[in-house]
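Structure first, commentary second.
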Amino acid sequence: MAIEAKWQERWEARGTNAPDLTRAAKPYYNLMMFPYPSAEGLHVGNVFAFIGADIHGRFRRLAGHDVFEPIGFDAFGIHSENYALKVNMHPEALIPRNIVRFRDQLRRIGLMVHWKHELSTTDPAYYKWTQWVFLQLFKAGHAYRKAGAVNWCPDCKTVLANEQVVDGFCERHPETPVTQRWLEQWFFAITRYVERLLDNLEKLDWSDSTRTLQANWIGRSDGAELVFVTPTGDRIPVFTTRPDTIFGATFLVLAPEHPLVDALTAAEQREVVTQYRRKVSEMDVVARRVGAREKTGVFTGGYARNPATGENVPVWIADYVLMDYGTGAIMAVPAHDERDYEFARLMRLPITQVVAGDQPLPFTSRQGTLTNSGAFDGMRCDESIGKISDWLAERGLGKRQVQFRLHDWCISRQRYWGPPIPIIYCDACGPVGVPEKDLPVLLPETEDFRPDDSGVSPLARIESWYRVPCPQCGAEGRRETDVSDTFLDSAWYFLRYPSTAFADVPFDRALTRQWLPVNSYIGGNEHAVLHLMYARYITMVLHDLGHLDFEEPFTRFRAHGMIVKEGAKMSKSRGNVVVPDQYLAKWGADTFRMYLMFLGPYQEGGDFRDEGIVGQRRFLDKVWDVVHATSMAGRASVPDRVVRKLHQTIRGVSEDVPELRYNTALAKLMEYVNALRKMEPGQKGHGIPASLVEPLVVMLAPFAPHFAEECWERLGHQATVFEARWPAFDAELAKEDQIELVVQVNGKVRARIAASAGLPEAQAIALARADEVVRKFIDTNEIRKIIFVQDRLVNLVV
RNA sequence: GCCCGGGUGGCGAAAUGGUAGACGCAGGGGACUUAAAAUCCCCUGGGGGCAACCCCAUGCAGGUUCGACUCCUGCCCCGGGCACCA
C-alpha cells in the first residue's frame, strides 16, 4: 500500500514515534513481550499480540500521554541454537539475519516503536548487564550451587532442555527413554521470595487468569510437619496436609534418594534397596513424574514410631515420593489417600480407617468425624487438624507447616548460545564472581558449538578461554563454562529499554524513576509462570539490594487470547499456520490490523478465516468516502440523531478501548459510519460537517494508523493525527429523546411502544394498558403487580 | 484427578438481571451494467399463520426472580494450565 509506506517513512523522518524520554511530561511505558527471532519470521499470533498492545499505546498517546513503546529480540537460547544446529549454521550468523526480517515485519504492521531503543539479548552491551544481574544475586547470597538432575539422552549423548523431552523420550530419538544425570548447577533462591510473590498477586492489576496460574504454580499448601522416630533415634519428618488422619498412618514412604535410607535399611534388605535405588536413579526426571504409572517400591526393613499411636510402622521407599517436595518422606494413610491406598493394596500393607463413613475406601473427604483415633474420636476432621498438630507439637513431634510447590530456579545450561555465567573457580578461593569492571565475559567465537557427551557445555572445550587467573588471589583459575538460562535474559529487559544509550550502567537512575514500573504489559499466558514470575523475582531482589524503587515491575498486565485457524490450534504439523506476510501484501496493514482485532474479544483470541477480512476493507472504503464527502465549511445542518450517535459512539469507544474490547469498539465505529451514510442525500450534498468526521478519524487512528493519517491530512491537517486529542463526549448530547417502551405481560414481551424519554411511570403504564395486544393478554385478569423501569419497560403481572 | 476459561443463527460474535442475535462474514432477492466485478437497496434463528400476530429457541436438568444468555445447584461437552506435590 502506497499510503502505508508513505506514512511509515514520515513517522521515521519526523520522529513521530520517538519521544524524547527525558522530556516526557506524562510518561506511559507501553510494553509488549519481545519476540524470539525465529527463522520463520513473525507468525500471526505474534502479530495479534503486538497489534493489540500497539493499539493500546496509540490510544494512550491520543489521550495525552508520552508513550514509550520499545521492542527488542530475545535471541539467546535453545530454540535459536537448535535451529542453527539443524541448518548447520552458526547462530551468530543466523540471528542477525532473522532480526533484519523481524524488524521489517514489525515496521510493516505499523507499530509505534521507538527504534532507537531496540535491544537484543545477544548483544554484549546487553548481556554484560545480564551478567551483572547474576553478580548482584551472587554477591547477595541469592545464587548458590548444588547438584541438580538434568535430562540426558543416551543417543544424542547430551543434556536436553525440558522442552526437548516428550513424555519421557528424546524428541529426536522417540525410542530412547531420557535418563537423568546429576550435575553441579547454579540456582537462584527464588523460594525465599515465595510468600511475597504470592501475597503481592492480590494487589496487582493483572488478568485474573494470569494471577491464578501464578498462584497455582507457587502452590501453597497448609499442613503440618510430623515426626516419626526410628528405634535408633533418627527423626523422620513428614509433611502432610491431613494431620487429622495421623492415626491411620500405617507405614512410611521415603523418596529413594532420601538421606536416611542407608541408616534405615536392614541387612537382609540391603541388596534389594540398593538395586531399587539404582533403577530409579536411571529413570529420567520427566518419566518419574508422569502419573498413572504403576507404583513401585521396596521395604527397607526399618521401622519408625507413629507419634500418635506409638506403634512402629514399616518404612518403605517408592518412586511415587519425590525428594524435592516437602521433606522427601510421607506418612501413608491408605484409607484416606488414593496413592497410599493403591500402594498398600499392591504391597499388602495394613489399612486403617480413621474417618467415620461407609463409603468404600479410600475416601478423602474432610467432611466427617474421626474414629480409631484415641482421644480424638468423634471430633470433626477440620477441628482436629489444629488440635492434633498442637498435641504433637507439645511433645516435640510436630509443628504446623506451610509448603510451596515452587522450586529454586536452576539457571545453568550446558549449552553454547547464552551469556557465560560470570564466575571463576579457584582452588583456594572457591567460586569467585568476575569483577564488574571485567564484564562482559564474552561468549567466545567458535565453530565447535555442538553439545557432546561430556555433560558439560561446549565452552569447556575452549581451554584458552576458560583458563584465567583467579581475580582474588591470582592463582590459576577456571571459568564457569555453563551459560545462563534464557529466562534470565528476559527477566530484566524492560529495565534496559529506556536506558539503552547508557554504556556504563544497566539502567539509569533518573530514567528508571521516570518510566518504571511498566504501565501496561500485554502478552500471552504461555509466559504466565516462568517469564512473569522470574521478572517479578529479579525486580524484587534488585529492589531489596537498593537498585530499584519499586518491587513489582508491571503495574498492569493483560493476557491476550490465542488465534486459532478454523477452530483448530495452529501448528506446523497440522500445516495450518497463518503467515501474515501474504495477507499484509494483499490487504495492507490497516485492514489486517482491524480484521485481527475484530475477530473476537482480544483477551479471548479468535478464529482466523480468510473470508472475513473483506469486511474490514469495505468499512475503510466507507470511511474514505465519508472523509471525501466532508465539507470544510461546516455549514450544513446536522440532524440531532447523527450528533447523538456521534456522542454515543465516543462514549462507547472510549470505554471499550482501554479495556481492550477492540471488537466492540470497532463495531460501534461501524455503526456510526453507517449512520453518517444514512444522512439525507440533501444534507450530504452540502457535505458532511468536519465536526462529525474528525472524531471518527481520531478514534480509528489506533486501529488503522496509516489510513487515519492519510484521512487526517486530507481533512486539511498538517500535523500527525497522533498530535490530536481523543474526542470527549457530551452526556447531554448523547441522551436519547425517543425510547422504545417494552411492555411485558408476566415477563413476556407483548408490545413495543415509541415514547419520549423521561416518560413518567403513570403515563407509561397507561400507555401500556391501552395497547391492543397487551389488552388481549391482560384481558379480564386482575393486575397484581406492575414493574416499571424508567425508559425501558413496563411489566404487568396478572 | 485438581484449578481456570468457554458452550448463543450457516460462521466469527453482541447483550449494567429488563426488546436475545448489535457489528461483520456467508447466503437469497433486486437495482446499476452488453456482461462480470465493484457498489447500492431489501431479506436472512426455527416453526405456524393470508395477515395482525402466536409458539419455540442462548449445552442439559432443576432452582431463585415480576423477568435469567446473565445469579445459584447438579451434570455433559470443548479449550488451556497443573499433576503420584503428600
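Here's how to read the names in the C-alpha cells: chain A, B, ... by the order shown, residue numbers from 1 in each chain, ligand numbers from 1 in the order shown.
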Pull out every residue of chain A sitting within 7 Å of chain B, counting only C-alpha atoms (C1' of nucleotides), and send them as a PyMOL selection string.
chain A and resi 209+213+239-240+291+320+325+330+339+405+599-600+607+611-612+615+667+742+746-747+787+793+795+797
Set the distance at 12 Å and use only C-alpha atoms (C1' of nucleotides): which residues neighbour A38 (chain B) once local chain neighbours fewer than 4 positions away are removed? I'd like the list as a VMD selection string.
(chain A and resid 618 621) or (chain B and resid 32 to 33)
All strand (DSSP E or B) residues (DSSP, backbone) inside region 375-545 of chain A, as number ranges by chain:
A: 380, 398-404, 409-410, 412-413, 420, 423-426, 430-433, 467-469, 476-479, 483-484, 518, 520-524
I need the residues of region 367-542 of chain A that end up classed as alpha helix (DSSP H) by DSSP on the backbone, written out as an MDAnalysis selection string.
chainID A and resid 381:394 463:466 486:489 493:496 509:515 531:542
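Among the candidates B:U65, B:C42, B:G21, B:G59, the one nearest to C78 (chain B) when counting only C-alpha atoms (C1' of nucleotides) is B:G59.
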List every residue of region 205-289 of chain A that has an atom at most 12 Å from any atom of region 363-372 of chain A, and for each one report the closest atom pair and its distance in Å to one decimal, counting only C-alpha atoms, with rows sorted by chain and then by increasing residue number, as JSON lines.
{"residue": "A:Thr241", "atom": "CA", "partner": "A:Arg366", "partner_atom": "CA", "distance": 11.0}
{"residue": "A:Arg242", "atom": "CA", "partner": "A:Arg366", "partner_atom": "CA", "distance": 8.8}
{"residue": "A:Pro243", "atom": "CA", "partner": "A:Arg366", "partner_atom": "CA", "distance": 11.4}
{"residue": "A:Asp244", "atom": "CA", "partner": "A:Leu370", "partner_atom": "CA", "distance": 7.9}
{"residue": "A:Thr245", "atom": "CA", "partner": "A:Leu370", "partner_atom": "CA", "distance": 8.0}
{"residue": "A:Ile246", "atom": "CA", "partner": "A:Asn372", "partner_atom": "CA", "distance": 10.4}
{"residue": "A:Phe247", "atom": "CA", "partner": "A:Asn372", "partner_atom": "CA", "distance": 7.1}
{"residue": "A:Gly248", "atom": "CA", "partner": "A:Asn372", "partner_atom": "CA", "distance": 8.0}
{"residue": "A:Ala249", "atom": "CA", "partner": "A:Asn372", "partner_atom": "CA", "distance": 11.5}
Between C1' of G17 (chain B) and CA of Lys748 (chain A) - distance in Å to one decimal
14.8 Å
Name all residues at most 7 Å from region 116-125 of chain A (count only C-alpha atoms (C1' of nucleotides); drop same-chain ones fewer than 4 positions away) and give them as an NGL selection string.
:A and (70-76 or 440 or 442 or 489 or 497-498 or 500)
